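Asker: I'm passing along target-v1.txt; it holds compact mmCIF, C-alpha atoms.
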# COMPACT_ATOMS: atom_id res chain seq x y z
CA MET A 1 -4.24 -114.66 58.14
CA GLY A 2 -3.94 -111.02 57.19
CA LYS A 3 -0.98 -108.82 56.55
CA ARG A 4 1.00 -107.34 59.39
CA ILE A 5 3.44 -104.45 59.50
CA THR A 6 6.65 -104.32 61.47
CA SER A 7 8.05 -100.83 61.80
CA TYR A 8 11.25 -99.52 63.33
CA THR A 9 11.15 -95.77 63.83
CA THR A 10 14.82 -94.83 63.83
CA LEU A 11 18.15 -96.62 64.16
CA THR A 12 21.69 -96.47 62.90
CA PRO A 13 22.35 -100.17 62.27
CA THR A 14 25.81 -101.58 62.86
CA ALA A 15 27.50 -102.99 59.77
CA THR A 16 28.05 -106.70 60.44
CA ALA A 17 29.67 -109.36 58.29
CA ASP A 18 27.94 -112.57 57.28
CA THR A 19 28.04 -115.51 59.73
CA THR A 20 28.77 -113.11 62.57
CA ASN A 21 26.54 -112.51 65.57
CA LEU A 22 24.01 -109.74 65.00
CA VAL A 23 24.31 -107.94 68.31
CA ASP A 24 21.11 -106.93 70.11
CA SER A 25 19.55 -103.65 68.93
CA THR A 26 22.10 -103.15 66.12
CA TYR A 27 19.69 -104.41 63.44
CA GLN A 28 16.09 -103.49 62.87
CA ILE A 29 14.04 -106.63 62.43
CA ALA A 30 14.27 -110.41 62.43
CA TYR A 31 11.52 -112.96 61.88
CA GLN A 32 11.46 -116.55 63.09
CA GLY A 33 8.70 -119.11 62.69
CA ALA A 34 6.77 -119.93 65.86
CA ASN A 35 7.02 -123.63 65.12
CA THR A 36 8.62 -126.05 62.69
CA THR A 37 5.92 -125.70 60.03
CA GLN A 38 4.95 -122.03 60.08
CA ARG A 39 5.28 -120.06 56.85
CA TRP A 40 5.30 -116.35 56.15
CA ASN A 41 5.59 -114.16 53.08
CA ILE A 42 7.43 -110.85 52.81
CA VAL A 43 5.24 -108.41 50.93
CA GLU A 44 7.17 -105.14 51.08
CA VAL A 45 10.36 -103.69 52.50
CA TYR A 46 10.83 -99.94 52.90
CA LEU A 47 13.84 -98.00 54.19
CA GLY A 48 13.83 -94.23 54.58
CA GLY A 49 17.05 -92.33 55.24
CA GLN A 50 17.13 -89.98 58.24
CA ALA A 51 20.86 -89.27 58.42
CA GLY A 52 22.22 -85.73 58.60
CA ALA A 53 25.24 -86.48 56.42
CA SER A 54 26.06 -88.72 53.50
CA SER A 55 25.80 -92.37 54.60
CA PRO A 56 25.93 -94.95 51.82
CA SER A 57 24.53 -98.08 53.45
CA ILE A 58 24.31 -101.68 52.31
CA MET A 59 21.20 -103.14 53.90
CA LEU A 60 20.41 -106.80 53.38
CA LEU A 61 17.31 -108.86 53.87
CA SER A 62 18.65 -112.35 54.31
CA PHE A 63 18.05 -115.79 55.68
CA ASP A 64 20.08 -116.57 58.80
CA SER A 65 22.43 -119.53 59.07
CA GLN A 66 22.29 -119.41 62.86
CA VAL A 67 18.86 -118.83 64.34
CA ALA A 68 18.33 -116.86 67.51
CA THR A 69 17.51 -118.71 70.72
CA GLY A 70 16.48 -117.80 74.23
CA SER A 71 14.05 -115.02 74.95
CA LEU A 72 13.39 -113.06 71.74
CA THR A 73 12.39 -109.46 72.37
CA ALA A 74 12.30 -106.11 70.60
CA ASP A 75 13.28 -102.52 71.26
CA ALA A 76 10.49 -100.09 72.09
CA ALA A 77 11.14 -98.45 68.72
CA GLN A 78 9.96 -101.62 66.97
CA THR A 79 6.24 -102.13 66.57
CA ASP A 80 4.35 -105.01 65.02
CA THR A 81 0.68 -104.71 64.26
CA VAL A 82 -2.05 -105.92 61.91
CA SER A 83 -2.68 -103.79 58.85
CA ASP A 84 -6.43 -104.45 59.15
CA GLY A 85 -8.01 -104.40 62.61
CA SER A 86 -10.52 -107.07 61.65
CA ALA A 87 -7.87 -109.57 60.55
CA GLY A 88 -7.82 -112.93 62.30
CA THR A 89 -5.02 -113.75 64.73
CA LEU A 90 -2.87 -116.82 64.64
CA THR A 91 -2.61 -119.14 67.62
CA ASN A 92 1.16 -119.11 67.24
CA ALA A 93 2.31 -115.65 66.20
CA LEU A 94 5.48 -115.27 64.17
CA LYS A 95 8.40 -114.22 66.38
CA VAL A 96 9.41 -110.64 65.57
CA PHE A 97 12.46 -109.35 67.40
CA ASN A 98 15.81 -107.61 67.36
CA LYS A 99 17.22 -108.92 70.63
CA ALA A 100 18.03 -112.54 71.49
CA ALA A 101 18.96 -113.73 74.98
CA THR A 102 21.11 -116.74 74.11
CA ASN A 103 22.28 -117.37 70.53
CA LYS A 104 22.31 -114.29 68.30
CA PRO A 105 21.17 -114.52 64.69
CA GLN A 106 23.86 -114.80 62.03
CA ARG A 107 23.25 -113.80 58.41
CA ASP A 108 23.72 -116.64 55.95
CA VAL A 109 26.59 -115.97 53.57
CA ALA A 110 24.87 -117.80 50.70
CA ARG A 111 21.24 -116.88 51.21
CA HIS A 112 20.86 -113.13 50.85
CA LEU A 113 17.38 -112.30 49.66
CA ALA A 114 17.47 -108.63 48.76
CA ASN A 115 20.14 -105.97 48.57
CA LEU A 116 18.84 -102.56 49.60
CA SER A 117 21.83 -100.29 49.00
CA PHE A 118 21.01 -96.61 49.38
CA ASN A 119 22.25 -93.37 50.86
CA ALA A 120 20.61 -92.80 54.25
CA PHE A 121 21.08 -89.05 53.77
CA GLY A 122 17.65 -88.44 52.24
CA GLY A 123 17.50 -91.66 50.21
CA VAL A 124 14.51 -93.97 50.07
CA VAL A 125 14.36 -97.59 48.95
CA ARG A 126 11.16 -99.56 48.60
CA LEU A 127 10.77 -103.08 47.30
CA ASN A 128 7.63 -105.05 46.77
CA TRP A 129 6.81 -108.14 44.81
CA PRO A 130 3.89 -109.81 43.08
CA LEU A 131 2.20 -112.63 44.98
CA ASP A 132 4.05 -115.47 43.28
CA GLN A 133 7.47 -113.92 43.90
CA GLN A 134 7.26 -112.93 47.54
CA PHE A 135 9.99 -114.30 49.78
CA VAL A 136 8.84 -117.26 51.85
CA GLY A 137 10.18 -118.21 55.25
CA VAL A 138 9.38 -121.65 56.63
CA GLY A 139 9.81 -123.28 60.02
CA ASN A 140 12.07 -122.10 62.81
CA THR A 141 15.41 -123.72 62.06
CA ALA A 142 18.39 -122.76 59.91
CA SER A 143 18.59 -121.79 57.15
CA PHE A 144 15.05 -121.03 56.04
CA GLY A 145 13.31 -120.48 59.36
CA GLU A 146 14.66 -117.04 60.15
CA MET A 147 15.11 -113.81 58.19
CA SER A 148 16.76 -110.59 59.26
CA LEU A 149 17.10 -107.05 57.98
CA SER A 150 20.57 -105.77 58.84
CA ALA A 151 23.52 -103.75 57.61
CA PHE A 152 26.36 -105.34 55.66
CA THR A 153 29.96 -104.18 55.87
CA GLY A 154 31.41 -101.81 53.32
CA GLY A 155 29.35 -98.68 53.75
CA THR A 156 28.89 -95.96 56.31
CA THR A 157 25.56 -96.72 57.89
CA GLY A 158 23.36 -93.82 58.87
CA LEU A 159 20.16 -93.16 60.75
CA MET A 160 17.17 -94.73 59.03
CA GLY A 161 13.60 -95.83 59.60
CA CYS A 162 12.01 -98.88 58.06
CA HIS A 163 8.98 -101.06 57.77
CA ILE A 164 8.32 -104.55 56.50
CA ILE A 165 4.88 -105.77 55.47
CA TYR A 166 4.53 -109.53 55.84
CA GLU A 167 1.84 -112.16 55.96
CA PRO A 168 2.13 -115.09 58.38
CA PHE A 169 0.21 -118.34 57.89
CA MET B 170 12.40 -98.34 43.67
CA VAL B 171 15.40 -96.40 44.93
CA ASP B 172 14.80 -92.68 45.28
CA HIS B 173 17.82 -90.41 45.67
CA ARG B 174 16.24 -87.26 44.29
CA ASN B 175 16.72 -85.56 47.67
CA SER B 176 20.01 -87.24 48.44
CA PRO B 177 23.56 -87.28 47.09
CA GLY B 178 22.90 -90.93 46.30
CA ILE B 179 25.52 -93.63 45.89
CA THR B 180 28.24 -93.70 43.29
CA ASP B 181 28.80 -96.29 40.59
CA ASP B 182 32.11 -96.99 42.34
CA PHE B 183 30.26 -97.86 45.56
CA ILE B 184 27.84 -100.10 43.65
CA HIS B 185 30.75 -101.75 41.85
CA LYS B 186 32.55 -102.45 45.15
CA ALA B 187 29.36 -103.94 46.61
CA SER B 188 28.92 -106.15 43.56
CA GLN B 189 32.41 -107.58 44.15
CA VAL B 190 31.37 -109.09 47.49
CA LEU B 191 27.65 -109.63 46.88
CA PRO B 192 26.04 -111.37 43.88
CA ALA B 193 26.23 -108.81 41.06
CA ASP B 194 22.75 -109.54 39.71
CA THR B 195 21.21 -108.57 43.06
CA CYS B 196 23.02 -105.21 43.18
CA LEU B 197 21.99 -102.03 41.42
CA PRO B 198 23.31 -102.06 37.84
CA VAL B 199 26.66 -100.36 37.29
CA GLY B 200 27.17 -97.77 34.57
CA MET B 201 23.74 -96.20 34.40
CA SER B 202 23.81 -93.95 37.47
CA ALA B 203 21.28 -96.16 39.23
CA GLY B 204 22.40 -94.69 42.55
CA ARG B 205 21.44 -91.17 41.49
CA GLY B 206 17.99 -89.67 41.16
CA LEU B 207 15.03 -92.00 40.87
CA PHE B 208 15.75 -95.59 39.84
CA GLU B 209 12.90 -97.98 39.25
CA ALA B 210 13.37 -101.44 37.79
CA PRO B 211 11.48 -104.69 37.60
CA THR B 212 12.81 -107.53 39.71
CA VAL B 213 12.37 -111.27 39.67
CA SER B 214 12.75 -113.62 42.60
CA CYS B 215 14.98 -116.55 41.73
CA SER B 216 12.73 -119.59 41.61
CA HIS B 217 15.40 -121.80 43.21
CA CYS B 218 16.82 -119.66 46.05
CA GLN B 219 14.41 -116.69 46.18
CA ALA B 220 17.18 -114.09 45.78
CA MET B 221 15.87 -110.88 44.31
CA VAL B 222 17.39 -110.23 40.89
CA ILE B 223 17.27 -106.68 39.52
CA ILE B 224 16.57 -106.74 35.80
CA ASN B 225 19.51 -104.83 34.40
CA PRO B 226 18.47 -103.17 31.14
CA LEU B 227 22.12 -102.99 30.04
CA ARG B 228 22.80 -106.71 30.46
CA ASN B 229 24.12 -108.39 27.32
CA ARG B 230 24.66 -111.86 28.71
CA GLU B 231 21.95 -114.48 28.61
CA ARG B 232 19.70 -114.27 31.66
CA GLY B 233 19.46 -117.40 33.82
CA TYR B 234 16.39 -119.46 32.99
CA CYS B 235 15.31 -122.91 34.21
CA PRO B 236 13.17 -124.90 31.80
CA GLY B 237 12.31 -127.26 34.68
CA CYS B 238 10.20 -124.68 36.49
CA ASP B 239 9.84 -122.25 33.57
CA ARG B 240 11.18 -119.36 35.64
CA TYR B 241 14.10 -116.99 35.71
CA ILE B 242 16.83 -117.98 38.13
CA CYS B 243 19.81 -116.03 39.50
CA ASP B 244 23.35 -116.38 38.16
CA ASN B 245 24.47 -118.52 41.13
CA CYS B 246 21.63 -121.00 40.64
CA THR B 247 22.25 -121.01 36.88
CA GLU B 248 25.80 -122.18 37.55
CA LEU B 249 24.57 -124.80 40.04
CA ARG B 250 22.04 -126.05 37.52
CA ARG B 251 24.78 -126.36 34.89
CA ILE B 252 26.78 -128.50 37.31
CA ASN B 253 24.11 -130.80 38.74
CA GLY B 254 21.27 -130.37 36.24
CA GLN B 255 18.72 -130.25 39.03
CA CYS B 256 15.62 -128.10 39.27
CA LYS B 257 14.34 -127.72 42.79
CA THR B 258 12.22 -124.67 43.43
CA PHE B 259 12.14 -122.99 46.80
CA ARG B 260 8.45 -123.86 47.10
CA GLN B 261 9.35 -127.56 46.76
CA LEU B 262 12.08 -127.13 49.36
CA ALA B 263 9.64 -125.42 51.75
CA ASP B 264 7.14 -128.26 51.27
CA GLU B 265 9.87 -130.80 52.05
CA ILE B 266 10.81 -128.93 55.25
CA VAL B 267 7.19 -128.85 56.41
CA GLU B 268 6.61 -132.51 55.52
CA ALA B 269 9.76 -133.58 57.35
CA ALA B 270 8.67 -131.58 60.42
CA LEU B 271 5.19 -133.12 60.34
CA LYS B 272 6.65 -136.60 59.94
CA ALA B 273 8.94 -136.02 62.94
CA GLU B 274 5.98 -134.86 65.03
CA SER B 275 3.89 -137.91 64.14
CA ILE B 276 6.77 -140.25 65.07
CA LYS B 277 6.90 -138.62 68.52
CA GLU B 278 3.18 -139.23 68.99
CA ILE B 279 3.56 -142.99 68.33
Using structure tokens, write down the structure from this file.

Answerer:
Amino acid sequence: MGKRITSYTTLTPTATADTTNLVDSTYQIAYQGANTTQRWNIVEVYLGGQAGASSPSIMLLSFDSQVATGSLTADAAQTDTVSDGSAGTLTNALKVFNKAATNKPQRDVARHLANLSFNAFGGVVRLNWPLDQQFVGVGNTASFGEMSLSAFTGGTTGLMGCHIIYEPF
Amino acid sequence: MVDHRNSPGITDDFIHKASQVLPADTCLPVGMSAGRGLFEAPTVSCSHCQAMVIINPLRNRERGYCPGCDRYICDNCTELRRINGQCKTFRQLADEIVEAALKAESIKEI
């Protein structure tokens, strides 16, 4: 239905262990299917360091073993828009958020998708994939119905901006 | 692509520590200063679990491959395949999830 871009202007994410609640506004982006059959592809992930001092960060794109529930909302710093103004819109839009009212998302310990380790002091990491190797999310239940971009423990997270290009179906 | 040309980058020690707690084939390769300067490498998505595997040019060990789906697979799925001999791609799994959801919906309608 056309690619969309989720951007988060600037955030110092909080390093969080797997299977632990991702607290509101401490991670940049999470995606959850709008219904039990929705699919989406991740096309590109970009992280740009904005820190003023050395900050080796372990950022993970991962499936979540506990999906978020309740009202799912986003910080003002997060935007989600079509990459082409003439693209069609889906009846049920993918849920894009970084705040959850009831259950918080929890990163799945066994289903990390991409490891984006970099130094947020001037570092840049950009990943993209050919069409047949893009990550696919499906449905809205654990463990394949929700993905999140968040910081893993072990580093010293720093200020960073990011975007994810994705295509919902 | 990881660009640390304008950054102190990350040390091999940091990468090594990360690869102790995260699957090593998804981390930057150790021993080739991948955390310094500009590092570009091809990646493959594991056909079974979708994990992104960085193709390490220094790897000597055999790379995981599944003849069932004719694709590269990650080290974890290679071990699983050795144990249970199964080939189930993520695309098949996704289809099963969708079919199960559709079946559940149609039961409700009856």

Asker: Show me, as a VMD selection string, the residues that have an atom within 9 Å of Ala17 in chain A when counting all atoms listed in the file, minus same-chain residues fewer than 4 positions from it.

Answerer: chain A and resid 21 to 22 106 to 107 109 151 to 153

Asker: When you count all atoms listed in the file, which of these residues is closest to Leu271 in chain B: A:Val96, A:Thr16, A:Thr37, A:Lys104?

Answerer: A:Thr37

Asker: Got a sec to pull out which chain B residues are within 9 Å of chain A, counting all atoms listed in the file, and send them as a PDB file with C-alpha atoms, in the frame of the given file?

Answerer:
ATOM      1  CA  MET B 170      12.400 -98.340  43.670  1.00  0.00           C
ATOM      2  CA  VAL B 171      15.400 -96.400  44.930  1.00  0.00           C
ATOM      3  CA  ASP B 172      14.800 -92.680  45.280  1.00  0.00           C
ATOM      4  CA  HIS B 173      17.820 -90.410  45.670  1.00  0.00           C
ATOM      5  CA  ARG B 174      16.240 -87.260  44.290  1.00  0.00           C
ATOM      6  CA  ASN B 175      16.720 -85.560  47.670  1.00  0.00           C
ATOM      7  CA  SER B 176      20.010 -87.240  48.440  1.00  0.00           C
ATOM      8  CA  PRO B 177      23.560 -87.280  47.090  1.00  0.00           C
ATOM      9  CA  GLY B 178      22.900 -90.930  46.300  1.00  0.00           C
ATOM     10  CA  ILE B 179      25.520 -93.630  45.890  1.00  0.00           C
ATOM     11  CA  THR B 180      28.240 -93.700  43.290  1.00  0.00           C
ATOM     12  CA  PHE B 183      30.260 -97.860  45.560  1.00  0.00           C
ATOM     13  CA  ILE B 184      27.840-100.100  43.650  1.00  0.00           C
ATOM     14  CA  LYS B 186      32.550-102.450  45.150  1.00  0.00           C
ATOM     15  CA  ALA B 187      29.360-103.940  46.610  1.00  0.00           C
ATOM     16  CA  LEU B 191      27.650-109.630  46.880  1.00  0.00           C
ATOM     17  CA  PRO B 192      26.040-111.370  43.880  1.00  0.00           C
ATOM     18  CA  THR B 195      21.210-108.570  43.060  1.00  0.00           C
ATOM     19  CA  CYS B 196      23.020-105.210  43.180  1.00  0.00           C
ATOM     20  CA  LEU B 197      21.990-102.030  41.420  1.00  0.00           C
ATOM     21  CA  GLY B 204      22.400 -94.690  42.550  1.00  0.00           C
ATOM     22  CA  THR B 212      12.810-107.530  39.710  1.00  0.00           C
ATOM     23  CA  VAL B 213      12.370-111.270  39.670  1.00  0.00           C
ATOM     24  CA  SER B 214      12.750-113.620  42.600  1.00  0.00           C
ATOM     25  CA  CYS B 215      14.980-116.550  41.730  1.00  0.00           C
ATOM     26  CA  SER B 216      12.730-119.590  41.610  1.00  0.00           C
ATOM     27  CA  CYS B 218      16.820-119.660  46.050  1.00  0.00           C
ATOM     28  CA  GLN B 219      14.410-116.690  46.180  1.00  0.00           C
ATOM     29  CA  ALA B 220      17.180-114.090  45.780  1.00  0.00           C
ATOM     30  CA  MET B 221      15.870-110.880  44.310  1.00  0.00           C
ATOM     31  CA  VAL B 222      17.390-110.230  40.890  1.00  0.00           C
ATOM     32  CA  PHE B 259      12.140-122.990  46.800  1.00  0.00           C
ATOM     33  CA  ARG B 260       8.450-123.860  47.100  1.00  0.00           C
ATOM     34  CA  ALA B 263       9.640-125.420  51.750  1.00  0.00           C
ATOM     35  CA  ASP B 264       7.140-128.260  51.270  1.00  0.00           C
ATOM     36  CA  ILE B 266      10.810-128.930  55.250  1.00  0.00           C
ATOM     37  CA  VAL B 267       7.190-128.850  56.410  1.00  0.00           C
ATOM     38  CA  GLU B 268       6.610-132.510  55.520  1.00  0.00           C
ATOM     39  CA  ALA B 270       8.670-131.580  60.420  1.00  0.00           C
ATOM     40  CA  LEU B 271       5.190-133.120  60.340  1.00  0.00           C
TER      41      LEU B 271
END

Asker: Taking (9.1, -96.2, 66.1) in the file's own coordinates, collect the residues within 7 Å, counting only C-alpha atoms, and hand them back as an NGL selection string.

Answerer: :A and (7-10 or 77-79)

Asker: Mind giving me the straight-line distance from CA of Ala142 in chain A to CA of Gln189 in chain B in Å, one decimal?

Answerer: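 Separation between CA of Ala142 in chain A and CA of Gln189 in chain B: 26.0 Å.
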
Asker: Enter the distance from CA of Cys246 in chain B to CA of Asn225 in chain B, in Å, rounded to one decimal.

Answerer: 17.5 Å

Asker: Between CA of Cys235 in chain B and CA of Thr247 in chain B, what is the spacing in Å?

Answerer: 7.7 Å

Asker: Nearest residue to Cys162 in chain A out of A:Val23, A:Ala76, A:Val45, A:Ala15, using only C-alpha atoms?

Answerer: A:Val45

Asker: Can you find the residues with an atom no farther than 8 Å from (30.1, -103.4, 36.5), counting all atoms listed in the file, and report them as a PyMOL selection string?

Answerer: chain B and resi 185+188+198-200
